[in-house]
Structure formats: C-alpha cells, structure tokens
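Pasting my_file-v1.cif here (mmCIF, C-alpha atoms and all ligand atoms):
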data_query
loop_
_atom_site.label_atom_id
_atom_site.label_comp_id
_atom_site.auth_asym_id
_atom_site.auth_seq_id
_atom_site.Cartn_x
_atom_site.Cartn_y
_atom_site.Cartn_z
CA MET A 1 121.07 83.20 101.54
CA SER A 2 117.88 81.47 102.60
CA ALA A 3 117.84 78.65 105.13
CA GLN A 4 118.74 76.14 102.43
CA ASN A 5 119.47 76.43 98.77
CA ASP A 6 118.02 73.03 97.92
CA SER A 7 114.39 72.03 98.09
CA LYS A 8 114.63 70.27 101.47
CA LYS A 9 112.19 71.36 104.15
CA VAL A 10 113.40 74.17 106.42
CA THR A 11 113.53 73.04 110.04
CA LEU A 12 114.12 74.69 113.40
CA ARG A 13 117.68 73.43 113.16
CA ASP A 14 118.17 75.47 109.96
CA LEU A 15 116.73 78.58 111.62
CA ASN A 16 119.09 78.15 114.56
CA ALA A 17 121.98 77.77 112.11
CA LEU A 18 120.94 81.04 110.41
CA LYS A 19 120.89 82.80 113.80
CA ASN A 20 124.32 81.44 114.67
CA SER A 21 125.81 82.44 111.31
CA GLY A 22 124.31 85.94 111.50
CA THR A 23 122.16 85.40 108.39
CA LYS A 24 118.76 87.02 108.75
CA ILE A 25 115.57 84.92 108.70
CA ALA A 26 112.74 86.07 106.40
CA SER A 27 109.06 85.38 106.97
CA LEU A 28 105.63 86.61 105.89
CA THR A 29 102.12 85.54 106.77
CA ALA A 30 99.96 83.61 104.29
CA TYR A 31 96.47 82.20 104.53
CA ASP A 32 95.97 80.16 101.36
CA ALA A 33 97.77 77.80 98.97
CA GLY A 34 98.35 80.26 96.12
CA PHE A 35 100.10 82.93 98.17
CA ALA A 36 101.94 80.25 100.16
CA ALA A 37 103.36 78.83 96.91
CA MET A 38 104.60 82.30 95.89
CA LEU A 39 106.25 82.82 99.28
CA ASP A 40 107.78 79.35 99.16
CA LYS A 41 109.28 80.04 95.74
CA SER A 42 110.82 83.30 96.95
CA GLY A 43 113.11 81.62 99.51
CA MET A 44 111.03 82.46 102.56
CA ASP A 45 112.35 80.59 105.61
CA PHE A 46 109.01 80.18 107.33
CA ILE A 47 105.40 81.13 106.72
CA LEU A 48 103.02 82.13 109.50
CA VAL A 49 99.31 81.36 109.35
CA GLY A 50 98.55 84.24 111.69
CA ASP A 51 95.30 85.07 113.42
CA SER A 52 95.75 88.40 111.57
CA LEU A 53 93.61 86.55 109.01
CA GLY A 54 90.66 87.75 111.09
CA MET A 55 91.50 91.32 110.09
CA VAL A 56 93.05 91.05 106.62
CA VAL A 57 91.01 88.17 105.18
CA GLN A 58 87.76 88.32 107.16
CA GLY A 59 87.67 92.13 107.45
CA ARG A 60 87.18 92.18 111.22
CA GLU A 61 88.36 94.96 113.57
CA THR A 62 90.47 92.63 115.77
CA THR A 63 91.85 89.07 115.87
CA ILE A 64 89.64 88.14 118.84
CA PRO A 65 86.82 86.29 116.96
CA VAL A 66 89.18 83.96 115.05
CA THR A 67 88.56 80.30 115.91
CA ILE A 68 90.86 77.29 116.03
CA ASP A 69 88.85 75.64 113.23
CA GLU A 70 89.46 78.68 110.99
CA ILE A 71 93.21 78.58 111.67
CA ILE A 72 93.25 74.84 110.91
CA TYR A 73 91.36 75.41 107.64
CA HIS A 74 93.81 78.11 106.49
CA THR A 75 96.84 76.12 107.70
CA GLN A 76 95.78 73.14 105.60
CA MET A 77 95.68 75.39 102.52
CA VAL A 78 99.06 76.96 103.26
CA VAL A 79 100.64 73.55 103.84
CA ARG A 80 99.29 72.37 100.46
CA GLY A 81 101.01 75.32 98.75
CA THR A 82 104.32 74.90 100.56
CA GLU A 83 107.18 72.54 99.81
CA ARG A 84 110.16 74.09 101.51
CA ALA A 85 109.35 76.82 104.06
CA MET A 86 108.53 75.83 107.63
CA VAL A 87 104.85 76.46 108.47
CA MET A 88 103.91 78.08 111.78
CA ALA A 89 100.30 78.46 112.93
CA ASP A 90 98.77 80.74 115.57
CA LEU A 91 96.80 79.55 118.56
CA PRO A 92 93.91 82.04 118.51
CA PHE A 93 92.39 83.95 121.43
CA MET A 94 91.26 81.72 124.34
CA SER A 95 92.30 78.51 122.58
CA TYR A 96 95.14 78.04 125.12
CA SER A 97 93.69 79.44 128.33
CA CYS A 98 94.15 76.17 130.24
CA ALA A 99 96.69 73.38 129.82
CA LYS A 100 94.12 70.91 128.44
CA ASP A 101 92.87 73.29 125.71
CA CYS A 102 96.39 74.42 124.95
CA LEU A 103 97.69 70.88 124.36
CA ASN A 104 94.57 69.78 122.50
CA ASN A 105 94.47 72.79 120.18
CA ALA A 106 98.22 72.82 119.54
CA ALA A 107 97.98 69.13 118.65
CA ARG A 108 95.06 69.88 116.28
CA LEU A 109 97.12 72.57 114.52
CA MET A 110 99.80 69.97 113.88
CA LYS A 111 97.72 66.83 113.26
CA GLU A 112 94.81 68.34 111.30
CA GLY A 113 96.41 71.52 109.99
CA GLY A 114 99.89 70.21 109.26
CA ALA A 115 101.69 73.03 111.13
CA GLU A 116 105.29 72.38 112.16
CA ILE A 117 105.37 74.89 115.03
CA VAL A 118 102.66 76.76 116.95
CA LYS A 119 102.73 80.36 118.17
CA LEU A 120 101.05 81.74 121.26
CA GLU A 121 100.83 85.23 122.66
CA TRP A 122 102.49 85.71 125.98
CA GLY A 123 100.36 87.44 128.61
CA ALA A 124 98.96 86.19 131.88
CA LEU A 125 99.54 82.71 130.51
CA GLU A 126 101.27 80.24 132.79
CA ILE A 127 104.81 79.45 131.81
CA SER A 128 104.04 75.81 132.63
CA MET A 129 102.00 75.61 129.41
CA VAL A 130 105.08 76.25 127.32
CA SER A 131 106.85 73.51 129.32
CA ARG A 132 103.96 71.09 128.74
CA LEU A 133 103.95 71.75 124.99
CA THR A 134 107.71 71.18 124.98
CA GLU A 135 107.37 67.97 126.99
CA CYS A 136 104.87 66.75 124.39
CA GLY A 137 107.29 67.50 121.56
CA ILE A 138 105.32 70.46 120.20
CA PRO A 139 107.61 73.24 118.89
CA VAL A 140 106.58 76.65 120.25
CA CYS A 141 107.13 80.27 119.33
CA ALA A 142 106.29 82.79 122.07
CA HIS A 143 105.00 86.19 120.90
CA LEU A 144 105.94 89.09 123.22
CA GLY A 145 105.65 92.87 123.16
CA LEU A 146 102.43 94.01 121.55
CA THR A 147 100.13 91.00 121.67
CA PRO A 148 97.04 91.87 119.58
CA GLN A 149 94.79 89.34 121.34
CA ALA A 150 95.02 91.67 124.39
CA ILE A 151 93.92 94.75 122.42
CA TYR A 152 91.01 95.51 124.73
CA LYS A 153 93.43 95.57 127.68
CA TYR A 154 95.81 97.97 125.86
CA GLY A 155 93.05 100.13 124.38
CA ALA A 156 95.21 100.81 121.30
CA TYR A 157 97.99 99.20 119.28
CA ARG A 158 101.07 100.79 120.93
CA VAL A 159 104.81 100.20 121.23
CA GLN A 160 105.56 98.06 124.31
CA GLY A 161 108.55 98.13 126.68
CA ARG A 162 109.38 101.83 126.55
CA GLU A 163 109.48 102.24 130.33
CA GLU A 164 112.30 100.72 132.40
CA LYS A 165 109.92 98.46 134.33
CA THR A 166 108.13 97.02 131.29
CA ALA A 167 111.42 96.61 129.42
CA LYS A 168 112.91 94.64 132.33
CA GLN A 169 109.77 92.52 132.53
CA MET A 170 110.03 91.68 128.82
CA ILE A 171 113.69 90.66 129.19
CA ASP A 172 112.77 88.41 132.16
CA ASP A 173 109.77 86.94 130.31
CA ALA A 174 111.86 86.16 127.24
CA ARG A 175 114.44 84.36 129.38
CA ALA A 176 111.76 82.41 131.29
CA LEU A 177 110.01 81.37 128.07
CA GLU A 178 113.25 80.13 126.57
CA GLU A 179 114.04 78.22 129.78
CA ALA A 180 110.57 76.66 129.62
CA GLY A 181 111.37 75.38 126.14
CA ALA A 182 110.24 78.04 123.65
CA ASP A 183 112.00 77.31 120.34
CA MET A 184 111.57 80.82 118.95
CA LEU A 185 110.58 84.26 120.21
CA LEU A 186 108.65 86.88 118.26
CA LEU A 187 108.76 90.53 119.30
CA GLU A 188 106.07 92.91 118.05
CA CYS A 189 106.30 96.71 118.34
CA VAL A 190 109.31 96.86 120.64
CA PRO A 191 112.00 99.61 120.71
CA THR A 192 115.10 98.67 118.69
CA ASN A 193 117.50 98.65 121.66
CA LEU A 194 115.29 96.48 123.83
CA ALA A 195 114.78 93.99 120.97
CA ALA A 196 118.56 93.96 120.42
CA LYS A 197 119.17 93.18 124.09
CA ILE A 198 116.63 90.32 124.12
CA THR A 199 118.14 88.91 120.90
CA LYS A 200 121.69 89.05 122.27
CA ASN A 201 120.64 87.14 125.41
CA ALA A 202 118.58 84.56 123.52
CA GLY A 203 119.82 81.13 122.48
CA VAL A 204 116.87 80.71 120.09
CA PRO A 205 115.96 82.75 116.99
CA VAL A 206 114.23 86.06 117.74
CA ILE A 207 111.97 87.36 114.97
CA GLY A 208 110.82 90.97 114.92
CA ILE A 209 107.84 92.87 113.54
CA GLY A 210 108.26 96.53 114.31
CA ALA A 211 111.21 95.58 116.52
CA GLY A 212 114.05 97.15 114.55
CA PRO A 213 116.94 95.60 112.62
CA LYS A 214 118.95 94.03 115.49
CA VAL A 215 116.97 90.80 115.73
CA ASP A 216 117.57 87.46 114.00
CA GLY A 217 114.81 87.83 111.43
CA GLN A 218 111.83 89.80 110.20
CA ILE A 219 108.19 89.00 109.66
CA LEU A 220 105.43 91.16 108.18
CA VAL A 221 101.78 90.65 107.29
CA LEU A 222 101.57 89.75 103.59
CA TYR A 223 98.55 91.96 102.91
CA ASP A 224 100.45 94.96 104.34
CA ILE A 225 103.45 94.58 102.02
CA LEU A 226 101.07 94.12 99.07
CA ASP A 227 99.06 97.20 100.15
CA ILE A 228 95.83 95.22 99.83
CA TRP A 229 94.06 97.47 102.33
CA PRO A 230 95.38 100.93 101.34
CA GLY A 231 95.49 103.32 104.28
CA LYS A 232 95.47 100.50 106.85
CA ARG A 233 99.13 99.49 106.64
CA THR A 234 100.96 99.71 109.97
CA ARG A 235 103.82 102.20 110.45
CA PHE A 236 106.44 99.40 110.58
CA SER A 237 105.33 97.68 107.35
CA LYS A 238 106.66 98.62 103.95
CA ASN A 239 104.59 98.68 100.76
CA TYR A 240 106.66 96.45 98.45
CA MET A 241 104.09 96.66 95.64
CA ALA A 242 105.09 100.29 95.10
CA GLU A 243 108.46 99.20 93.70
CA GLY A 244 107.89 95.50 92.94
CA GLY A 245 105.23 95.70 90.25
CA THR A 246 104.12 92.09 90.62
CA ILE A 247 103.24 90.14 93.74
CA GLN A 248 106.08 87.66 93.16
CA LYS A 249 108.60 90.49 92.77
CA ALA A 250 107.30 92.29 95.86
CA VAL A 251 107.70 89.16 97.97
CA GLU A 252 111.18 88.48 96.56
CA SER A 253 112.28 92.08 97.24
CA PHE A 254 111.18 91.70 100.85
CA VAL A 255 113.24 88.50 101.25
CA THR A 256 116.29 90.13 99.62
CA ASP A 257 115.97 93.27 101.75
CA VAL A 258 115.80 91.22 104.95
CA LYS A 259 118.73 88.99 103.96
CA MET A 260 120.84 92.01 102.94
CA CYS A 261 119.89 93.85 106.18
CA ARG A 262 118.21 96.61 104.15
CA PHE A 263 114.89 96.21 106.00
CA PRO A 264 113.88 97.58 108.43
CA THR A 265 115.47 101.03 108.37
CA ALA A 266 114.81 103.58 111.13
CA GLU A 267 111.68 104.69 109.25
CA TYR A 268 110.08 101.31 110.02
CA SER A 269 111.47 100.93 113.57
CA PHE A 270 110.83 102.47 117.00
CA GLU A 271 113.24 104.19 119.39
O1 LIG B 301 98.83 87.08 113.35
C1 LIG B 301 99.84 87.53 112.83
O2 LIG B 301 99.91 87.80 111.62
C2 LIG B 301 101.00 87.75 113.67
C3 LIG B 301 102.08 88.63 113.10
C4 LIG B 301 101.68 90.03 113.33
C5 LIG B 301 103.40 88.32 113.64
O3 LIG B 301 101.06 87.32 114.77
#
Encoding of this model in structure tokens:
Amino acid sequence: MSAQNDSKKVTLRDLNALKNSGTKIASLTAYDAGFAAMLDKSGMDFILVGDSLGMVVQGRETTIPVTIDEIIYHTQMVVRGTERAMVMADLPFMSYSCAKDCLNNAARLMKEGGAEIVKLEWGALEISMVSRLTECGIPVCAHLGLTPQAIYKYGAYRVQGREEKTAKQMIDDARALEEAGADMLLLECVPTNLAAKITKNAGVPVIGIGAGPKVDGQILVLYDILDIWPGKRTRFSKNYMAEGGTIQKAVESFVTDVKMCRFPTAEYSFE
C-alpha cells in the first residue's frame, strides 16, 4: 500500500507510479530524527521538513523568521532518522527571491541537509527559477493555494481559489509550473473541486493539505495530528492521538486512512 513494501528508498518515480495506479500518497512533516524514524516505520511515502517548524517547534506566530541554516539543521536530523521515505525540505521565506540565492540555497538543502527534493511557495516568483532548478537537476515541489510565507499579504490564513478568477489563475499556474519542470505540486487550503481539476490535469503527483480527497496524496503537520498544541490545530487537520493512544499508532492510523481514502472527509475539506 505504501510506495514500496521493501526497505528501498522511495523515489519520485515511485510517487509517480502511485499517482498512476490511483494509490494515495501519505506524508507528514517531521523536524528531528526520532519522529522521522517513527514516520519512516509507518510506511510514510515522504517526509517534509517544513518551515512550519518556525511555528510548531520554535513557537513563533508565522514561518517568516525561519532561516535556511535552521532548515538545514532540521533536515540533517530527519535524514539521520529516515531509511526509506523520501525527504523533502522547504526553502524558507526570501531564501529564493533571486535565481542565485534560489540555486545556492536549494543546493545547500541537498548537499548539506541531505534533502532529496526542495519545496518553494509559488507567489510573485519567476517561473524561470523552477526551470533553472530543473536544469541543474534539483527536484522541485511547487506549493500553491495558501502560501503561509505570504501571510502578511493575505492578512489571515484563508481558503484560496474560491472566486472564478483566482481559481483560473491557480489552474494556469499549476500548468506553467509543471511545464517549467516542477516534479510535484502541493495545494494548501483549496476547494475540493478546484484541487480535483488541477490533479486531473497534472502529469505529476499533486499533494493536498486542506484540499479535499480528490488529489493524489495527503500531507499534514505532525504536531497537529498529535495535538501537541491543543486549541491551535487547523480546521483541516485531524487529531489522531484521540483514537491512536500512542504516537506510533496515531501516525500509522493516518497512513492507513490516507491509503484507504478515509481521510479527508468533508469535515476536513472545503467547498
Ligand atoms: O511548512 C509546512 O509544514 C508545509 C505544510 C503545511 C505543507 O509547507
């Protein structure tokens, strides 16, 4: 049910095969070796070292202050705890604002951190940066929809793409990013039908967080499913500790629910 049943490393090729076979991809964030090892053991397909660490680990209000050195430090730990899952790392705010920084910092995530794919948030960014990363052989995931690094532009964490114009723009952006070489797309806080349309058009895996069930896979923030900050969990995250009992069981239940298409239900999705 996971990307591979043996202990071989999960690769982008495996994730594409899951998309093509209609098997859902499961992912959670992790920020250290211990949690990464638990996720790895549960059959997780990939692990994201997200800049959400600024909020859930460092206790900050936003992801804005997170630095590239901090992401590298946490990626190194996650890589040490992981044998099988693919490891993705976030390019934090302003670490990819020009082509030189983008290439340099993406390379650092891979060379120093050990990441196998980098993620960047799509905004006013030039599409040519995704092409340059691709030309340099750096696998890229493009994050669309609600992009938390732009929180001060939005003013609040809100569902994106509800109006016809913004929905069309997201569909066009997703296509352009894939044409530029993006290996994966990640949709955050997007209405179910829009996410379904983008996924149907896409030739690469589309992962959702608050994007409904009709995408190729699901990702959530680990601390949310473990209810580590009670009262702060987002509307689209489920508390798996409530039924799991132990951390390992909670993580395994999440993977099983995703693979069996039991998560997310309408309660955790947006119309
Ligand atoms: O930083 C992060 O954890 C993320 C997820 C919300 C997808 O980008």
Within 9 Å of ligand LIG 301 (chain B), counting all atoms listed in the file, residues as a VMD selection string: chain A and resid 28 to 30 48 to 54 63 89 to 90 92 119 to 121 143 147 to 148 186 to 188 207 to 209 219 to 222
Neighbour list for region 125-140 of chain A as a ChimeraX atom specification, cut-off 8 Å, all atoms listed in the file, skip fewer than 6 positions in-chain: /A:97-99,102-103,106-107,116-119,176-177,180-184
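Shown here are all protein and nucleic acid residues lying within 9 Å of (106.9, 83.8, 97.2), with all atoms listed in the file considered: A:Phe35, A:Ala36, A:Ala37, A:Met38, A:Leu39, A:Asp40, A:Lys41, A:Ser42, A:Gly43, A:Met44, A:Ile247, A:Gln248, A:Lys249, A:Ala250, A:Val251, A:Glu252, A:Val255.
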Using the selection just defined, write its residues with C-alpha atoms as a PDB file, in the coordinates of the input.
ATOM      1  CA  PHE A  35     100.100  82.930  98.170  1.00  0.00           C
ATOM      2  CA  ALA A  36     101.940  80.250 100.160  1.00  0.00           C
ATOM      3  CA  ALA A  37     103.360  78.830  96.910  1.00  0.00           C
ATOM      4  CA  MET A  38     104.600  82.300  95.890  1.00  0.00           C
ATOM      5  CA  LEU A  39     106.250  82.820  99.280  1.00  0.00           C
ATOM      6  CA  ASP A  40     107.780  79.350  99.160  1.00  0.00           C
ATOM      7  CA  LYS A  41     109.280  80.040  95.740  1.00  0.00           C
ATOM      8  CA  SER A  42     110.820  83.300  96.950  1.00  0.00           C
ATOM      9  CA  GLY A  43     113.110  81.620  99.510  1.00  0.00           C
ATOM     10  CA  MET A  44     111.030  82.460 102.560  1.00  0.00           C
ATOM     11  CA  ILE A 247     103.240  90.140  93.740  1.00  0.00           C
ATOM     12  CA  GLN A 248     106.080  87.660  93.160  1.00  0.00           C
ATOM     13  CA  LYS A 249     108.600  90.490  92.770  1.00  0.00           C
ATOM     14  CA  ALA A 250     107.300  92.290  95.860  1.00  0.00           C
ATOM     15  CA  VAL A 251     107.700  89.160  97.970  1.00  0.00           C
ATOM     16  CA  GLU A 252     111.180  88.480  96.560  1.00  0.00           C
ATOM     17  CA  VAL A 255     113.240  88.500 101.250  1.00  0.00           C
TER      18      VAL A 255
END
Residue neighbourhood region 156-171 of chain A, 7 Å, all atoms listed in the file, exclusion window fewer than 3 positions, as a count of residues only: 10
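Picture a line from CA of Glu267 (chain A) to CA of Leu144 (chain A); it runs 21.7 Å.
The coordinates place CA of Val204 (chain A) at 10.5 Å from CA of Leu18 (chain A).
For the set A:Arg235, A:Lys200, A:Ile228, A:Asp32, the residue with the smallest atom-to-atom gap to Arg80 (chain A) is A:Asp32, counting all atoms listed in the file.
Remark: for Gly155 (chain A), the closest of the candidate residues A:Thr62, A:Lys259, A:Val215, A:Met77 is A:Thr62 (distances computed over all atoms listed in the file).
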Pairwise distance for CA of Val206 (chain A) and CA of Glu179 (chain A), rounded to one decimal in Å: 14.4 Å
Contacts of Thr75 (chain A) within 8 Å, all atoms listed in the file, excl. fewer than 2 positions in-chain, as a PyMOL selection string: chain A and resi 31-32+49+71-73+77-79+89+109+113-115
Using all atoms listed in the file, which protein or nucleic acid residues come within 9 Å of Met94 (chain A)? Drop anything in the same chain fewer than 6 positions from it, and give the result as a PDB file with C-alpha atoms, keeping the file's coordinate frame.
ATOM      1  CA  ILE A  64      89.640  88.140 118.840  1.00  0.00           C
ATOM      2  CA  THR A  67      88.560  80.300 115.910  1.00  0.00           C
ATOM      3  CA  ASP A 101      92.870  73.290 125.710  1.00  0.00           C
ATOM      4  CA  CYS A 102      96.390  74.420 124.950  1.00  0.00           C
ATOM      5  CA  GLN A 149      94.790  89.340 121.340  1.00  0.00           C
TER       6      GLN A 149
END
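If only C-alpha atoms are the atoms counted, then among A:Lys100, A:Ile225, A:Ser269, A:Gly231 the closest residue to Glu243 (chain A) is A:Ile225.
Take the candidates A:Gly217, A:Gly123, A:Gly245, A:Gly212 and check each one against Ala26 (chain A) using all atoms listed in the file; the shortest distance goes to A:Gly217.
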Neighbour list for Cys261 (chain A) as a VMD selection string, cut-off 10 Å, all atoms listed in the file, skip fewer than 6 positions in-chain: chain A and resid 23 to 24 213 to 214 217 to 218 255
Return the padded bounding box of region 42-53 of chain A as lines of an AutoDock Vina configuration file: axis-aligned, built from all atoms listed in the file, 6 Å added on each side, with centre and edge lengths in Å to one decimal.
center_x = 103.4
center_y = 84.3
center_z = 105.2
size_x = 31.5
size_y = 20.2
size_z = 28.5
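If you measure from each of A:Ser237, A:Thr199, A:Gln58, A:Asn193 to Glu70 (chain A) using all atoms listed in the file, the closest one turns out to be A:Gln58.
Here the question is which of A:Leu15, A:Met86, A:Ala242, A:Ala211 gets nearest to Leu226 (chain A) using only C-alpha atoms, and that residue is A:Ala242.
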